[in-house]
>>> print(open('entry20.txt').read())   # compact mmCIF, C-alpha atoms
# COMPACT_ATOMS: atom_id res chain seq x y z
CA MET A 1432 27.59 -21.66 3.57
CA VAL A 1433 25.10 -18.92 4.07
CA THR A 1434 25.18 -17.71 7.61
CA ALA A 1435 22.06 -16.33 9.19
CA GLU A 1436 24.23 -14.06 11.31
CA ARG A 1437 25.81 -12.47 8.26
CA ILE A 1438 22.41 -11.68 6.72
CA ARG A 1439 21.08 -10.32 10.02
CA ALA A 1440 24.11 -8.07 10.40
CA ALA A 1441 23.82 -6.84 6.80
CA VAL A 1442 20.16 -5.91 7.22
CA ALA A 1443 20.76 -4.23 10.58
CA ALA A 1444 23.58 -2.16 9.04
CA VAL A 1445 21.31 -0.57 6.38
CA PRO A 1446 21.54 3.21 6.92
CA ASP A 1447 18.42 5.34 7.16
CA PRO A 1448 18.16 6.95 3.71
CA GLU A 1449 17.30 10.39 5.10
CA ILE A 1450 19.55 10.43 8.17
CA ARG A 1451 22.47 8.36 6.98
CA VAL A 1452 24.55 8.53 10.17
CA VAL A 1453 22.24 6.04 11.89
CA THR A 1454 21.02 2.59 10.84
CA ILE A 1455 17.43 1.39 10.58
CA ALA A 1456 18.15 -0.92 13.53
CA GLU A 1457 19.37 1.97 15.68
CA LEU A 1458 16.28 4.03 14.86
CA GLY A 1459 13.97 1.16 15.77
CA ILE A 1460 12.52 0.89 12.25
CA LEU A 1461 13.84 -2.68 11.97
CA ARG A 1462 11.66 -4.93 14.15
CA GLU A 1463 12.58 -8.49 13.19
CA VAL A 1464 14.82 -10.51 10.88
CA SER A 1465 14.29 -14.24 10.49
CA VAL A 1466 16.46 -16.41 8.29
CA ASP A 1467 15.57 -19.96 7.20
CA GLY A 1468 18.05 -22.80 6.85
CA ASP A 1469 18.54 -22.01 3.15
CA GLY A 1470 19.02 -18.29 3.80
CA SER A 1471 15.49 -17.20 2.82
CA THR A 1472 14.97 -14.03 4.78
CA ALA A 1473 11.85 -12.36 6.19
CA VAL A 1474 12.23 -8.84 7.55
CA THR A 1475 9.66 -6.82 9.50
CA ILE A 1476 9.87 -3.05 9.62
CA THR A 1477 7.67 -0.26 11.00
CA PRO A 1478 7.46 3.33 9.73
CA THR A 1479 8.41 6.27 11.94
CA TYR A 1480 5.54 8.41 10.63
CA VAL A 1481 2.68 6.77 8.75
CA GLY A 1482 3.48 8.71 5.56
CA CYS A 1483 7.28 8.43 5.78
CA PRO A 1484 8.43 8.67 2.13
CA ALA A 1485 11.65 6.79 2.84
CA MET A 1486 9.91 3.43 3.33
CA ASP A 1487 10.18 2.29 -0.30
CA THR A 1488 13.90 3.06 -0.35
CA ILE A 1489 14.36 1.28 2.98
CA ARG A 1490 12.63 -1.85 1.60
CA ALA A 1491 14.82 -1.80 -1.53
CA ASP A 1492 17.99 -1.28 0.54
CA ILE A 1493 17.07 -4.19 2.85
CA ARG A 1494 16.53 -6.51 -0.12
CA ALA A 1495 19.83 -5.49 -1.70
CA ALA A 1496 21.78 -5.86 1.56
CA ALA A 1497 20.32 -9.30 2.34
CA ARG A 1498 21.00 -10.55 -1.21
CA ARG A 1499 24.60 -9.30 -1.06
CA ALA A 1500 25.01 -11.27 2.17
CA GLY A 1501 23.78 -14.41 0.40
CA ALA A 1502 20.02 -14.54 0.93
CA PRO A 1503 18.36 -16.23 -2.09
CA ASP A 1504 15.08 -14.42 -1.47
CA VAL A 1505 13.92 -11.65 0.82
CA ARG A 1506 10.45 -10.68 2.01
CA VAL A 1507 9.86 -7.34 3.72
CA ASP A 1508 6.67 -6.88 5.75
CA THR A 1509 5.49 -3.60 7.23
CA VAL A 1510 3.65 -3.47 10.56
CA TRP A 1511 1.93 -0.52 12.28
CA SER A 1512 1.83 -1.94 15.76
CA PRO A 1513 3.38 -1.39 18.19
CA ALA A 1514 3.59 2.21 17.00
CA TRP A 1515 7.13 3.49 16.54
CA THR A 1516 8.39 5.84 19.22
CA THR A 1517 11.61 7.79 19.76
CA ARG A 1518 11.98 5.83 23.03
CA TRP A 1519 13.41 3.04 20.85
CA ILE A 1520 16.41 5.15 19.82
CA GLY A 1521 19.35 4.08 21.97
CA GLU A 1522 22.13 6.11 23.58
CA GLU A 1523 24.68 5.30 20.88
CA ALA A 1524 22.35 6.46 18.09
CA ARG A 1525 21.52 9.63 20.02
CA ALA A 1526 25.25 10.40 20.24
CA LYS A 1527 25.62 9.83 16.48
CA LEU A 1528 22.72 12.18 15.75
CA ALA A 1529 24.21 14.88 17.97
CA ALA A 1530 27.62 14.45 16.31
CA ALA A 1531 25.91 15.00 12.94
CA GLY A 1532 24.37 18.27 14.15
CA ILE A 1533 20.89 16.86 14.82
CA ALA A 1534 19.66 17.38 18.39
CA PRO A 1535 18.42 13.95 19.55
CA PRO A 1536 14.89 13.51 20.93
CA GLY A 1537 14.34 14.19 24.61
CA ASP A 1538 12.50 11.93 27.04
CA LEU A 1539 8.79 11.33 26.61
CA PRO A 1540 6.51 10.97 29.60
CA GLU A 1541 5.44 7.35 30.08
CA SER A 1542 1.80 8.07 29.26
CA SER A 1543 1.43 10.69 26.55
CA GLY A 1544 -2.10 9.74 25.56
CA ASP A 1545 -3.90 12.10 27.91
CA LEU A 1546 -4.36 15.80 27.37
CA PRO A 1547 -2.20 17.90 29.67
CA GLU A 1548 -4.23 19.78 32.27
CA PRO A 1549 -3.93 23.53 31.85
CA VAL A 1550 -3.09 25.62 34.91
CA GLY A 1551 -4.69 28.92 35.84
CA ALA A 1552 -8.09 30.24 36.82
CA ALA A 1553 -11.10 29.64 34.60
CA PRO A 1554 -14.00 32.10 34.51
CA ALA A 1555 -16.87 31.12 36.80
CA GLY A 1556 -18.96 28.24 35.46
CA THR A 1557 -16.36 27.21 32.87
CA ARG A 1558 -13.29 25.02 32.82
CA LEU A 1559 -9.98 25.48 31.07
CA LEU A 1560 -9.12 23.29 28.12
CA PRO A 1561 -5.60 22.82 26.80
CA LEU A 1562 -4.87 24.86 23.68
CA ALA A 1563 -1.89 22.78 22.65
CA VAL A 1564 -2.80 19.10 22.79
CA THR A 1565 0.72 17.73 22.74
CA GLY A 1566 2.05 19.92 25.56
CA THR A 1567 5.31 21.77 25.20
CA PRO A 1568 8.37 19.53 25.03
CA PRO A 1569 11.54 20.90 26.61
CA ALA A 1570 13.78 22.81 24.20
CA PRO A 1571 16.73 20.76 22.92
CA ALA A 1572 20.25 22.00 23.61
CA CYS A 1573 22.29 23.15 20.63
CA PRO A 1574 24.19 20.07 19.33
CA ARG A 1575 27.22 22.28 18.56
CA CYS A 1576 27.74 24.39 21.67
CA GLY A 1577 25.11 23.17 24.13
CA GLY A 1578 23.46 26.60 24.21
CA ARG A 1579 19.81 27.46 24.64
CA ALA A 1580 17.73 27.29 21.48
CA GLU A 1581 14.54 28.76 20.08
CA ARG A 1582 12.19 26.92 17.78
CA LEU A 1583 11.96 28.37 14.27
CA ALA A 1584 9.42 25.88 12.93
CA ARG A 1585 7.49 22.85 14.18
CA PHE A 1586 8.39 21.03 10.95
CA GLY A 1587 11.71 20.45 9.24
CA SER A 1588 13.51 18.75 6.39
CA THR A 1589 11.94 15.34 7.16
CA ALA A 1590 8.71 14.24 8.85
CA CYS A 1591 10.56 13.40 12.09
CA LYS A 1592 12.40 16.72 12.61
CA SER A 1593 11.74 20.33 13.60
CA LEU A 1594 13.91 23.40 13.01
CA TRP A 1595 15.67 25.35 15.80
CA ARG A 1596 18.28 28.07 16.22
CA CYS A 1597 20.88 28.35 18.95
CA GLU A 1598 20.68 31.61 20.91
CA SER A 1599 24.41 31.41 21.78
CA CYS A 1600 26.19 30.47 18.55
CA GLY A 1601 23.38 31.50 16.22
CA GLU A 1602 23.50 28.27 14.18
CA PRO A 1603 20.25 26.74 12.99
CA PHE A 1604 19.88 23.00 13.57
CA ASP A 1605 17.45 20.10 13.16
CA HIS A 1606 15.88 18.43 16.17
CA PHE A 1607 14.59 14.86 16.08
CA LYS A 1608 11.10 15.40 17.52
CA GLU A 1609 9.91 13.42 20.52
CA HIS A 1610 7.25 11.07 19.19
CA MET B 843 -7.74 -19.81 15.74
CA THR B 844 -9.39 -16.46 16.35
CA THR B 845 -11.54 -14.82 13.74
CA ALA B 846 -10.09 -11.51 12.62
CA VAL B 847 -12.44 -8.58 13.06
CA HIS B 848 -12.71 -6.38 9.99
CA THR B 849 -14.23 -2.96 9.61
CA ALA B 850 -16.78 -2.42 6.85
CA PRO B 851 -14.99 -1.13 3.73
CA ASP B 852 -17.42 1.75 3.21
CA TYR B 853 -16.60 3.04 6.72
CA LEU B 854 -12.86 2.86 5.98
CA LEU B 855 -13.34 4.59 2.61
CA ARG B 856 -14.93 7.60 4.30
CA LEU B 857 -11.96 7.98 6.67
CA GLY B 858 -9.46 7.36 3.88
CA ASP B 859 -11.15 9.77 1.47
CA ASP B 860 -11.22 12.52 4.10
CA ALA B 861 -7.47 12.15 4.64
CA LEU B 862 -6.66 11.82 0.93
CA VAL B 863 -8.60 14.88 -0.21
CA ALA B 864 -7.38 16.97 2.74
CA ALA B 865 -3.80 16.04 1.76
CA GLN B 866 -4.37 16.92 -1.89
CA ARG B 867 -5.90 20.28 -0.99
CA LEU B 868 -3.07 21.09 1.42
CA CYS B 869 -0.40 20.26 -1.20
CA TRP B 870 -1.54 23.26 -3.18
CA TRP B 871 0.07 25.47 -0.53
CA ALA B 872 3.60 24.22 -1.20
CA THR B 873 5.40 27.28 -2.68
CA ARG B 874 2.39 29.52 -1.87
CA ALA B 875 2.49 29.79 1.95
CA PRO B 876 3.41 33.14 3.54
CA GLN B 877 6.88 31.91 4.53
CA LEU B 878 9.25 29.08 3.59
CA GLU B 879 8.88 27.37 6.98
CA GLU B 880 5.13 27.24 6.39
CA ASP B 881 5.59 25.66 2.95
CA VAL B 882 7.55 22.94 4.73
CA ALA B 883 5.02 22.66 7.56
CA LEU B 884 1.94 22.30 5.35
CA ALA B 885 3.74 19.86 3.03
CA ASN B 886 4.70 17.78 6.09
CA ILE B 887 1.14 17.75 7.36
CA ALA B 888 -0.10 16.80 3.89
CA LEU B 889 2.41 13.96 3.87
CA ASP B 890 1.10 12.66 7.21
CA LEU B 891 -2.46 12.83 5.87
CA LEU B 892 -1.43 11.04 2.69
CA GLY B 893 0.18 8.32 4.78
CA GLN B 894 -3.05 7.92 6.75
CA ALA B 895 -5.00 7.78 3.49
CA ARG B 896 -2.74 5.08 2.06
CA ALA B 897 -3.08 2.97 5.20
CA LEU B 898 -6.86 3.38 5.38
CA LEU B 899 -7.54 2.88 1.67
CA GLY B 900 -5.15 -0.07 1.52
CA HIS B 901 -7.00 -1.67 4.44
CA ALA B 902 -10.38 -0.90 2.83
CA GLY B 903 -9.27 -2.59 -0.40
CA ARG B 904 -8.04 -5.71 1.39
CA VAL B 905 -11.20 -6.01 3.50
CA GLU B 906 -13.39 -5.48 0.45
CA GLY B 907 -11.60 -8.31 -1.38
CA ARG B 908 -12.34 -7.09 -4.90
CA GLY B 909 -8.72 -6.58 -5.85
CA ARG B 910 -8.73 -2.80 -5.50
CA ASP B 911 -5.52 -1.52 -3.93
CA GLU B 912 -4.77 1.97 -2.55
CA ASP B 913 -3.84 3.30 -6.02
CA THR B 914 -6.99 1.92 -7.65
CA LEU B 915 -9.11 3.51 -4.95
CA ALA B 916 -7.33 6.88 -5.08
CA PHE B 917 -6.79 7.24 -8.81
CA LEU B 918 -9.41 5.19 -10.65
CA ARG B 919 -12.65 6.08 -8.92
CA ASP B 920 -14.83 8.83 -10.40
CA ASP B 921 -15.63 11.90 -8.33
CA ARG B 922 -19.11 10.65 -7.40
CA ALA B 923 -17.56 7.56 -5.77
CA PHE B 924 -15.60 9.62 -3.22
CA THR B 925 -17.20 9.81 0.23
CA ASN B 926 -15.18 12.59 1.88
CA VAL B 927 -16.87 15.49 3.65
CA GLN B 928 -17.11 18.67 1.62
CA LEU B 929 -15.08 20.61 4.21
CA VAL B 930 -11.79 19.07 3.01
CA GLU B 931 -12.35 19.69 -0.70
CA LEU B 932 -13.15 23.42 -0.69
CA ALA B 933 -10.67 25.58 -2.56
CA ASP B 934 -8.67 28.07 -0.49
CA THR B 935 -8.68 31.73 -1.39
CA ASP B 936 -6.57 32.82 1.57
CA PHE B 937 -4.07 31.39 4.07
CA ALA B 938 -6.77 31.97 6.71
CA ASP B 939 -8.86 29.28 4.97
CA ALA B 940 -6.05 26.75 5.20
CA VAL B 941 -5.46 27.50 8.89
CA THR B 942 -9.15 27.38 9.74
CA ARG B 943 -9.79 24.12 7.92
CA LEU B 944 -6.70 22.55 9.48
CA LEU B 945 -8.07 23.49 12.90
CA PHE B 946 -11.66 22.35 12.27
CA PHE B 947 -10.70 19.12 10.51
CA GLY B 948 -7.67 18.43 12.73
CA VAL B 949 -9.62 18.57 15.98
CA TYR B 950 -12.24 16.25 14.46
CA GLN B 951 -9.54 13.79 13.35
CA ASP B 952 -7.80 14.01 16.73
CA LEU B 953 -10.99 13.10 18.60
CA LEU B 954 -11.83 10.37 16.10
CA TYR B 955 -8.42 8.67 16.05
CA ARG B 956 -8.12 8.73 19.84
CA ARG B 957 -11.38 6.79 20.05
CA LEU B 958 -10.44 4.47 17.19
CA THR B 959 -7.38 3.31 19.12
CA ALA B 960 -9.94 1.09 20.94
CA SER B 961 -11.36 -0.32 17.68
CA THR B 962 -12.06 -4.07 17.70
CA ASP B 963 -10.35 -4.19 14.28
CA PRO B 964 -6.64 -4.51 15.21
CA VAL B 965 -5.44 -3.03 11.90
CA LEU B 966 -7.64 0.05 12.24
CA ALA B 967 -6.63 0.42 15.90
CA ALA B 968 -2.94 0.31 14.92
CA ILE B 969 -3.43 2.92 12.18
CA ALA B 970 -5.31 5.11 14.67
CA VAL B 971 -2.54 4.91 17.30
CA LYS B 972 0.02 6.17 14.80
CA SER B 973 -2.28 8.77 13.24
CA ALA B 974 -3.44 10.17 16.60
CA LYS B 975 0.13 11.12 17.52
CA GLU B 976 0.59 12.96 14.23
CA THR B 977 -2.79 14.68 14.26
CA ALA B 978 -2.26 16.08 17.77
CA TYR B 979 0.78 17.88 16.37
CA HIS B 980 -1.22 19.24 13.41
CA VAL B 981 -3.80 20.65 15.82
CA ASP B 982 -1.07 22.40 17.85
CA HIS B 983 0.15 24.02 14.67
CA ALA B 984 -3.31 25.10 13.53
CA ALA B 985 -4.23 26.41 16.99
CA ALA B 986 -1.02 28.45 17.21
CA TRP B 987 -1.71 30.07 13.82
CA THR B 988 -5.36 30.68 14.69
CA VAL B 989 -4.37 32.59 17.83
CA ARG B 990 -1.54 34.45 16.10
CA LEU B 991 -3.75 35.62 13.24
CA GLY B 992 -7.01 36.03 15.14
CA ASP B 993 -5.35 38.01 17.93
CA GLY B 994 -2.97 39.66 15.47
CA THR B 995 -3.50 42.73 13.34
CA GLU B 996 -6.83 44.20 12.33
CA GLU B 997 -6.31 42.74 8.86
CA SER B 998 -5.39 39.21 10.02
CA HIS B 999 -8.32 39.23 12.47
CA ARG B 1000 -10.71 40.26 9.70
CA ARG B 1001 -9.49 37.48 7.42
CA MET B 1002 -9.70 34.81 10.12
CA ARG B 1003 -13.17 35.98 11.02
CA ARG B 1004 -14.22 35.67 7.39
CA ALA B 1005 -12.65 32.19 7.03
CA THR B 1006 -14.15 30.78 10.25
CA ARG B 1007 -17.58 32.14 9.26
CA ASP B 1008 -17.35 30.74 5.71
CA LEU B 1009 -16.13 27.27 6.71
CA TRP B 1010 -18.38 26.84 9.76
CA PRO B 1011 -21.43 25.55 7.81
CA TYR B 1012 -19.32 22.72 6.37
CA THR B 1013 -18.32 21.44 9.81
CA HIS B 1014 -21.82 20.08 10.54
CA GLU B 1015 -21.35 17.29 8.02
CA LEU B 1016 -18.46 15.90 10.12
CA PHE B 1017 -20.94 14.85 12.80
CA VAL B 1018 -23.89 13.54 10.77
CA SER B 1019 -24.60 9.91 11.56
CA ASP B 1020 -26.17 7.35 9.23
CA GLU B 1021 -26.48 3.56 8.94
CA VAL B 1022 -22.81 3.07 7.92
CA PHE B 1023 -21.52 4.92 11.00
CA ALA B 1024 -24.14 3.35 13.27
CA ARG B 1025 -23.17 -0.18 12.16
CA ALA B 1026 -19.46 0.48 12.69
CA ALA B 1027 -20.16 1.91 16.15
CA THR B 1028 -22.41 -1.02 17.08
CA ASP B 1029 -19.89 -3.72 16.19
CA GLY B 1030 -17.08 -1.77 17.88
CA THR B 1031 -14.91 -1.36 14.79
CA GLY B 1032 -15.71 2.33 14.31
CA VAL B 1033 -17.05 5.45 15.95
CA ASP B 1034 -20.36 7.26 15.52
CA PRO B 1035 -19.27 10.83 14.70
CA ALA B 1036 -22.39 12.32 16.30
CA GLY B 1037 -20.72 11.74 19.67
CA LEU B 1038 -17.71 13.86 18.66
CA ARG B 1039 -19.69 17.06 18.16
CA ALA B 1040 -19.79 18.24 21.80
CA PRO B 1041 -16.08 17.72 22.58
CA TRP B 1042 -15.19 19.20 19.17
CA ARG B 1043 -17.21 22.30 19.87
CA GLU B 1044 -15.63 22.66 23.29
CA ARG B 1045 -12.09 22.48 21.92
CA ILE B 1046 -12.84 24.80 18.99
CA THR B 1047 -14.51 27.34 21.29
CA THR B 1048 -11.41 27.39 23.50
CA VAL B 1049 -9.12 28.13 20.57
CA LEU B 1050 -11.39 30.72 18.93
CA THR B 1051 -11.92 32.49 22.25
CA GLU B 1052 -8.18 32.64 22.86
CA ALA B 1053 -7.87 34.03 19.32
CA THR B 1054 -10.48 36.74 20.09
CA LEU B 1055 -12.66 35.27 17.32
CA PRO B 1056 -16.41 34.75 17.78
CA VAL B 1057 -17.78 31.23 17.48
CA PRO B 1058 -19.89 31.44 14.30
CA GLU B 1059 -23.66 31.03 14.48
CA ASP B 1060 -25.16 27.71 13.40
CA GLY B 1061 -27.38 27.94 10.35
CA TRP B 1062 -27.01 26.58 6.85
CA ALA B 1063 -25.62 23.03 6.99
CA PRO B 1064 -24.66 21.69 3.55
CA GLY B 1065 -23.88 17.98 3.17
CA GLY B 1066 -23.94 15.02 0.84
CA GLY B 1067 -20.21 14.32 0.61
CA ARG B 1068 -20.62 10.97 2.39
CA HIS B 1069 -22.92 9.91 -0.46
CA GLY B 1070 -20.78 11.22 -3.32
CA LEU B 1071 -22.30 14.68 -3.68
CA HIS B 1072 -19.54 17.25 -3.89
CA THR B 1073 -19.00 20.96 -4.40
CA GLU B 1074 -17.87 22.51 -7.68
CA ALA B 1075 -14.31 22.72 -6.31
CA PHE B 1076 -14.06 18.92 -6.21
CA GLY B 1077 -13.98 18.07 -9.94
CA PRO B 1078 -10.80 20.05 -10.70
CA LEU B 1079 -9.15 18.64 -7.55
CA VAL B 1080 -9.84 15.06 -8.66
CA LEU B 1081 -8.68 15.79 -12.21
CA GLU B 1082 -5.36 17.11 -10.94
CA MET B 1083 -4.92 14.27 -8.43
CA GLN B 1084 -5.69 11.53 -10.97
CA GLY B 1085 -4.35 13.04 -14.21
CA LEU B 1086 -0.93 11.44 -14.24
CA HIS B 1087 -2.14 8.01 -13.19
CA ARG B 1088 -4.92 7.98 -15.77
CA ALA B 1089 -2.63 9.17 -18.59
CA HIS B 1090 0.06 6.64 -17.66
CA PRO B 1091 -1.68 3.68 -15.97
CA GLY B 1092 0.59 1.96 -13.45
CA ALA B 1093 3.22 4.70 -13.74
CA ARG B 1094 6.10 4.31 -11.27
CA TRP B 1095 9.35 6.08 -10.60
>>> encode(input="entry20.txt", output="structure tokens")
Amino acid sequence: MVTAERIRAAVAAVPDPEIRVVTIAELGILREVSVDGDGSTAVTITPTYVGCPAMDTIRADIRAAARRAGAPDVRVDTVWSPAWTTRWIGEEARAKLAAAGIAPPGDLPESSGDLPEPVGAAPAGTRLLPLAVTGTPPAPACPRCGGRAERLARFGSTACKSLWRCESCGEPFDHFKEH
Amino acid sequence: MTTAVHTAPDYLLRLGDDALVAAQRLCWWATRAPQLEEDVALANIALDLLGQARALLGHAGRVEGRGRDEDTLAFLRDDRAFTNVQLVELADTDFADAVTRLLFFGVYQDLLYRRLTASTDPVLAAIAVKSAKETAYHVDHAAAWTVRLGDGTEESHRRMRRATRDLWPYTHELFVSDEVFARAATDGTGVDPAGLRAPWRERITTVLTEATLPVPEDGWAPGGGRHGLHTEAFGPLVLEMQGLHRAHPGARW
């Protein structure tokens, strides 16, 4: 007998193809799995970034995992809304990222839609506008030694990461950007 | 049952073409940027823009209902059928051009997507929510480079001054309204870009001032991209973008 639970578990266990220490469920990419009485499976996923190049591989891996668990057919739908956010990454996944040398994302303010108000005095008759529209997120701690880090680049090896260097141990490391 | 609200396909094509051509132009910088980190940065930004283009063109094709998917729209239309603004297609002669265009176009996209999050078309609103988060980050990057180069050495200042002056005329087209934009604004699916000009100018002035760069004078205002009229740089760009797909129709890997 095909068990819905077995298929659900198999799909949830699919690793992220770019950051293989965490699963698509742990990252929040996997939104829904529904299994019919005969094992027909419908999966809903959402991309981290709209152009994430891993999506095709993730779809193929989901199909293969569900079939191996006994699903006769698998449909994978992609949704944009609600928009993926790093808030969906749980404590356990954050620990796995850190153990793999990737500094996990920090907290995001509840409402990040508004421009941060700049501080300081504006010349008479004018008002200050923020230069950086996303504000400055707090620097992540080095995942190896916990030291202070400096940002080397806003972008990194995948769409969701930036590149940092620890000022204590000197090691460069990836940081999963708050998003 | 509620009736789904759909945006007019020609409105979506304009947004999708802007993102697609900007991505294609930015790709050129991979392996040519002044440092490895910048190769990675510009390629990442191009990837975000390509993702936006795929979402927007895919939506346009479905709404249109003529069986054209994102690949058909990107790879099988002739250059005169593209409705992107000319700003995104211009060839770069200097890194200062890439930085300046990323700033000018990025601030426009940021303002646009933030407003489109309230679109009455739920698909377009969802694409806008995702894209707005990414675009804000692009603008940070462009603004940081603009300040670093503008308020940098005499040479970097001179080059940024030249780039901002050369690209400025092409920014006017971003804010030109017509019946397609007016219709989308009226039914609540889209945004009339004329309303973005004042906040755009305010944000750009802030960055240029911080970068010790003058805000260029208004004058010549070329246009026509929205109606398929493009600059001489556009033909070679389209050829390169479409070459593989046209030589090997339906190619996959």
>>> closest_residue(input="entry20.txt", among="B:Arg1003, B:His1090, B:His848, B:Arg896", to="Val965 of chain B", atoms="all atoms listed in the file")
B:His848
>>> interface_residues(input="entry20.txt", of="chain B", to="chain A", cutoff="10 Å", atoms="only C-alpha atoms", output="ChimeraX atom specification")
/B:878-897,949,952,956,964-986,989,1044-1050,1052
>>> closest_residue(input="entry20.txt", among="B:Glu931, B:Asp963, B:Asp859, B:Asp1029", to="Leu1009 of chain B", atoms="all atoms listed in the file")
B:Glu931
>>> residues_near_point(input="entry20.txt", point="(-9.9, 28.5, 3.8)", cutoff="9 Å", atoms="only C-alpha atoms", output="ChimeraX atom specification")
/B:932-944,1002,1005-1006,1008-1009
>>> write_last_selection(input="entry20.txt", atoms="C-alpha atoms", output="PDB file, keeping the file's coordinate frame")
ATOM      1  CA  LEU B 932     -13.150  23.420  -0.690  1.00  0.00           C
ATOM      2  CA  ALA B 933     -10.670  25.580  -2.560  1.00  0.00           C
ATOM      3  CA  ASP B 934      -8.670  28.070  -0.490  1.00  0.00           C
ATOM      4  CA  THR B 935      -8.680  31.730  -1.390  1.00  0.00           C
ATOM      5  CA  ASP B 936      -6.570  32.820   1.570  1.00  0.00           C
ATOM      6  CA  PHE B 937      -4.070  31.390   4.070  1.00  0.00           C
ATOM      7  CA  ALA B 938      -6.770  31.970   6.710  1.00  0.00           C
ATOM      8  CA  ASP B 939      -8.860  29.280   4.970  1.00  0.00           C
ATOM      9  CA  ALA B 940      -6.050  26.750   5.200  1.00  0.00           C
ATOM     10  CA  VAL B 941      -5.460  27.500   8.890  1.00  0.00           C
ATOM     11  CA  THR B 942      -9.150  27.380   9.740  1.00  0.00           C
ATOM     12  CA  ARG B 943      -9.790  24.120   7.920  1.00  0.00           C
ATOM     13  CA  LEU B 944      -6.700  22.550   9.480  1.00  0.00           C
ATOM     14  CA  MET B1002      -9.700  34.810  10.120  1.00  0.00           C
ATOM     15  CA  ALA B1005     -12.650  32.190   7.030  1.00  0.00           C
ATOM     16  CA  THR B1006     -14.150  30.780  10.250  1.00  0.00           C
ATOM     17  CA  ASP B1008     -17.350  30.740   5.710  1.00  0.00           C
ATOM     18  CA  LEU B1009     -16.130  27.270   6.710  1.00  0.00           C
TER      19      LEU B1009
END
>>> residues_around(input="entry20.txt", residues="Leu1038 of chain B", least_positions_apart="4", cutoff="8 Å", atoms="all atoms listed in the file", output="number ranges by chain")
B: 950, 953-954, 1017, 1034, 1042
>>> residues_around(input="entry20.txt", residues="Leu1079 of chain B", least_positions_apart="4", cutoff="8 Å", atoms="all atoms listed in the file", output="list in words")
Gln866, Arg867, Glu931, Ala1075 and Met1083 of chain B
>>> residues_around(input="entry20.txt", residues="Glu1581 of chain A", least_positions_apart="6", cutoff="9 Å", atoms="only C-alpha atoms", output="PDB file with C-alpha atoms, in the frame of the given file")
ATOM      1  CA  ALA A1570      13.780  22.810  24.200  1.00  0.00           C
ATOM      2  CA  PRO A1571      16.730  20.760  22.920  1.00  0.00           C
ATOM      3  CA  LEU A1594      13.910  23.400  13.010  1.00  0.00           C
ATOM      4  CA  TRP A1595      15.670  25.350  15.800  1.00  0.00           C
ATOM      5  CA  ARG A1596      18.280  28.070  16.220  1.00  0.00           C
ATOM      6  CA  CYS A1597      20.880  28.350  18.950  1.00  0.00           C
ATOM      7  CA  GLU A1598      20.680  31.610  20.910  1.00  0.00           C
TER       8      GLU A1598
END
>>> residues_around(input="entry20.txt", residues="segment 1485-1492 of chain A", least_positions_apart="6", cutoff="9 Å", atoms="only C-alpha atoms", output="PDB file with C-alpha atoms, in the coordinates of the input")
ATOM      1  CA  VAL A1442      20.160  -5.910   7.220  1.00  0.00           C
ATOM      2  CA  VAL A1445      21.310  -0.570   6.380  1.00  0.00           C
ATOM      3  CA  PRO A1446      21.540   3.210   6.920  1.00  0.00           C
ATOM      4  CA  ASP A1447      18.420   5.340   7.160  1.00  0.00           C
ATOM      5  CA  PRO A1448      18.160   6.950   3.710  1.00  0.00           C
ATOM      6  CA  GLU A1449      17.300  10.390   5.100  1.00  0.00           C
ATOM      7  CA  ILE A1455      17.430   1.390  10.580  1.00  0.00           C
ATOM      8  CA  ILE A1476       9.870  -3.050   9.620  1.00  0.00           C
ATOM      9  CA  THR A1477       7.670  -0.260  11.000  1.00  0.00           C
ATOM     10  CA  PRO A1478       7.460   3.330   9.730  1.00  0.00           C
ATOM     11  CA  VAL A1507       9.860  -7.340   3.720  1.00  0.00           C
ATOM     12  CA  ASP A1508       6.670  -6.880   5.750  1.00  0.00           C
TER      13      ASP A1508
END
>>> atom_distance(input="entry20.txt", atom1="atom CA of Thr1434 of chain A", atom2="atom CA of Arg1462 of chain A")
19.7 Å
>>> residues_near_point(input="entry20.txt", point="(22.7, -6.5, 3.7)", cutoff="10 Å", atoms="all atoms listed in the file", output="ChimeraX atom specification")
/A:1437-1445,1492-1502
>>> write_last_selection(input="entry20.txt", atoms="C-alpha atoms", output="mmCIF file, keeping the file's coordinate frame")
data_model
loop_
_atom_site.group_PDB
_atom_site.id
_atom_site.type_symbol
_atom_site.label_atom_id
_atom_site.label_comp_id
_atom_site.auth_asym_id
_atom_site.auth_seq_id
_atom_site.Cartn_x
_atom_site.Cartn_y
_atom_site.Cartn_z
ATOM 1 C CA ARG A 1437 25.810 -12.470 8.260
ATOM 2 C CA ILE A 1438 22.410 -11.680 6.720
ATOM 3 C CA ARG A 1439 21.080 -10.320 10.020
ATOM 4 C CA ALA A 1440 24.110 -8.070 10.400
ATOM 5 C CA ALA A 1441 23.820 -6.840 6.800
ATOM 6 C CA VAL A 1442 20.160 -5.910 7.220
ATOM 7 C CA ALA A 1443 20.760 -4.230 10.580
ATOM 8 C CA ALA A 1444 23.580 -2.160 9.040
ATOM 9 C CA VAL A 1445 21.310 -0.570 6.380
ATOM 10 C CA ASP A 1492 17.990 -1.280 0.540
ATOM 11 C CA ILE A 1493 17.070 -4.190 2.850
ATOM 12 C CA ARG A 1494 16.530 -6.510 -0.120
ATOM 13 C CA ALA A 1495 19.830 -5.490 -1.700
ATOM 14 C CA ALA A 1496 21.780 -5.860 1.560
ATOM 15 C CA ALA A 1497 20.320 -9.300 2.340
ATOM 16 C CA ARG A 1498 21.000 -10.550 -1.210
ATOM 17 C CA ARG A 1499 24.600 -9.300 -1.060
ATOM 18 C CA ALA A 1500 25.010 -11.270 2.170
ATOM 19 C CA GLY A 1501 23.780 -14.410 0.400
ATOM 20 C CA ALA A 1502 20.020 -14.540 0.930
#
